[in-house]
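Enquirer: One structure follows; several queries about it will come next.
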Amino acid sequence: MPKYEKKAILQGVPAKEIYAKVAGDIERLLRDSGVSVKCQFDPGLNRVQLDGSMFSGTILCFEGELVLDASISLMALPFRSMLDSKIQSWLERTFQV
């Protein structure tokens with residue numbers, strides 16, 4: 001499966017705060033997109049594991065940084081730009097970046 005990576009610099013935002021916002025919004029965002037994905041939350045590591053038929057990956061939250069590392073199925077590949085747009089919109093709304 002093709003790789004999809006996104007890194008967002010969120011200067012001055014603690015890892016726990018980033019994780020809390022991701023954990024609070026990710027299931028709703030996926031549900032609203034019509035994507036069926038299982039989420040596993042790991043607050044100790046500030047990590048969310050995503051597993052679905054269209055993509056799977058990991059969201060890692062560090063001090064001042066959010067990293068999404070995923071694999072996208074060939075069927076979902078045409079929606080890559082839409083995914084980028086939705087992620088960027090959420091980042092802007094949530095962290096004013």
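Ordered as shown in the structure tokens, chains take letters A, B, and onward, while each chain numbers its residues from 1 and ligands are numbered from 1 in the order shown.
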Can you list every residue in stretch 1-33 of chain A that DSSP puts in helix (DSSP H, G or I), as a PyMOL selection string?

Expert: chain A and resi 15-32

Enquirer: Could those selected residues go to a file with C-alpha atoms, as a tab-separated table (two decimals), in the first residue's frame?

Expert:
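Written file, part30.tsv:
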```tsv
chain	number	residue	atom	x	y	z
A	15	ALA	CA	2.09	16.62	23.61
A	16	LYS	CA	-0.72	15.79	26.07
A	17	GLU	CA	-2.84	18.67	24.76
A	18	ILE	CA	-2.32	17.59	21.14
A	19	TYR	CA	-3.21	14.00	22.05
A	20	ALA	CA	-6.34	15.08	23.94
A	21	LYS	CA	-7.62	17.04	20.94
A	22	VAL	CA	-6.82	14.22	18.49
A	23	ALA	CA	-8.40	11.59	20.75
A	24	GLY	CA	-11.47	13.77	21.26
A	25	ASP	CA	-12.07	14.43	17.57
A	26	ILE	CA	-10.72	11.50	15.52
A	27	GLU	CA	-13.67	9.11	15.76
A	28	ARG	CA	-16.18	11.84	14.91
A	29	LEU	CA	-14.08	13.04	11.97
A	30	LEU	CA	-13.78	9.51	10.59
A	31	ARG	CA	-17.48	8.82	11.11
A	32	ASP	CA	-18.44	12.09	9.38
```

Enquirer: Any chance you could list, as a VMD selection string, the residues in chain A that come up strand (DSSP E or B) when DSSP is run on the backbone?

Expert: chain A and resid 3 to 9 37 to 42 47 to 52 55 to 62 65 to 72

Enquirer: With C-alpha atoms retained, could you export that selection as an mmCIF file, in the first residue's frame?

Expert:
```
data_model
loop_
_atom_site.group_PDB
_atom_site.id
_atom_site.type_symbol
_atom_site.label_atom_id
_atom_site.label_comp_id
_atom_site.auth_asym_id
_atom_site.auth_seq_id
_atom_site.Cartn_x
_atom_site.Cartn_y
_atom_site.Cartn_z
ATOM 1 C CA LYS A 3 2.550 5.568 2.189
ATOM 2 C CA TYR A 4 0.951 8.764 3.444
ATOM 3 C CA GLU A 5 2.827 10.974 5.866
ATOM 4 C CA LYS A 6 1.905 14.315 7.351
ATOM 5 C CA LYS A 7 3.773 16.311 9.949
ATOM 6 C CA ALA A 8 2.414 19.446 11.586
ATOM 7 C CA ILE A 9 4.516 21.765 13.711
ATOM 8 C CA VAL A 37 -11.794 2.672 10.972
ATOM 9 C CA LYS A 38 -11.020 1.089 14.326
ATOM 10 C CA CYS A 39 -9.152 3.423 16.693
ATOM 11 C CA GLN A 40 -6.928 2.252 19.530
ATOM 12 C CA PHE A 41 -5.951 4.949 22.001
ATOM 13 C CA ASP A 42 -2.699 4.895 23.964
ATOM 14 C CA ARG A 47 -0.524 7.647 20.200
ATOM 15 C CA VAL A 48 -3.617 6.628 18.239
ATOM 16 C CA GLN A 49 -3.527 3.503 16.062
ATOM 17 C CA LEU A 50 -5.935 3.457 13.107
ATOM 18 C CA ASP A 51 -6.954 0.277 11.300
ATOM 19 C CA GLY A 52 -9.427 0.055 8.453
ATOM 20 C CA PHE A 55 -6.046 2.803 5.359
ATOM 21 C CA SER A 56 -4.126 2.042 8.511
ATOM 22 C CA GLY A 57 -1.647 4.094 10.424
ATOM 23 C CA THR A 58 -0.452 5.814 13.543
ATOM 24 C CA ILE A 59 -0.911 9.320 14.870
ATOM 25 C CA LEU A 60 1.917 10.333 17.209
ATOM 26 C CA CYS A 61 1.770 13.433 19.377
ATOM 27 C CA PHE A 62 5.036 15.021 20.507
ATOM 28 C CA GLU A 65 4.405 18.279 16.747
ATOM 29 C CA LEU A 66 1.777 15.936 15.307
ATOM 30 C CA VAL A 67 2.859 13.106 12.999
ATOM 31 C CA LEU A 68 0.558 10.936 10.899
ATOM 32 C CA ASP A 69 2.184 7.903 9.319
ATOM 33 C CA ALA A 70 -0.233 5.770 7.301
ATOM 34 C CA SER A 71 -0.639 3.329 4.463
ATOM 35 C CA ILE A 72 -3.469 3.999 2.026
#
```

Enquirer: I'd like to know which of A:Ser73, A:Gln88, A:Thr94, A:Ser81 is closest to A:Met1, using only C-alpha atoms.

Expert: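 The shortest atom-to-atom distance to A:Met1 comes from A:Ser73.
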
Enquirer: Which residue gives the smallest distance to A:Leu10 among A:Glu92, A:Gly34, A:Pro78, A:Gly64, with only C-alpha atoms counted?

Expert: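 Closest to A:Leu10, using only C-alpha atoms: A:Gly64.
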
Enquirer: Calculate how many Å separate atom CA of A:Phe79 from atom CA of A:Asn46, rounding to one decimal.

Expert: 26.9 Å

Enquirer: Using only C-alpha atoms, find the one residue out of A:Leu74, A:Glu63, A:Leu45, A:Ser33 that sits nearest to A:Lys86.

Expert: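 Once distances to A:Lys86 are computed over only C-alpha atoms, the minimum belongs to A:Ser33.
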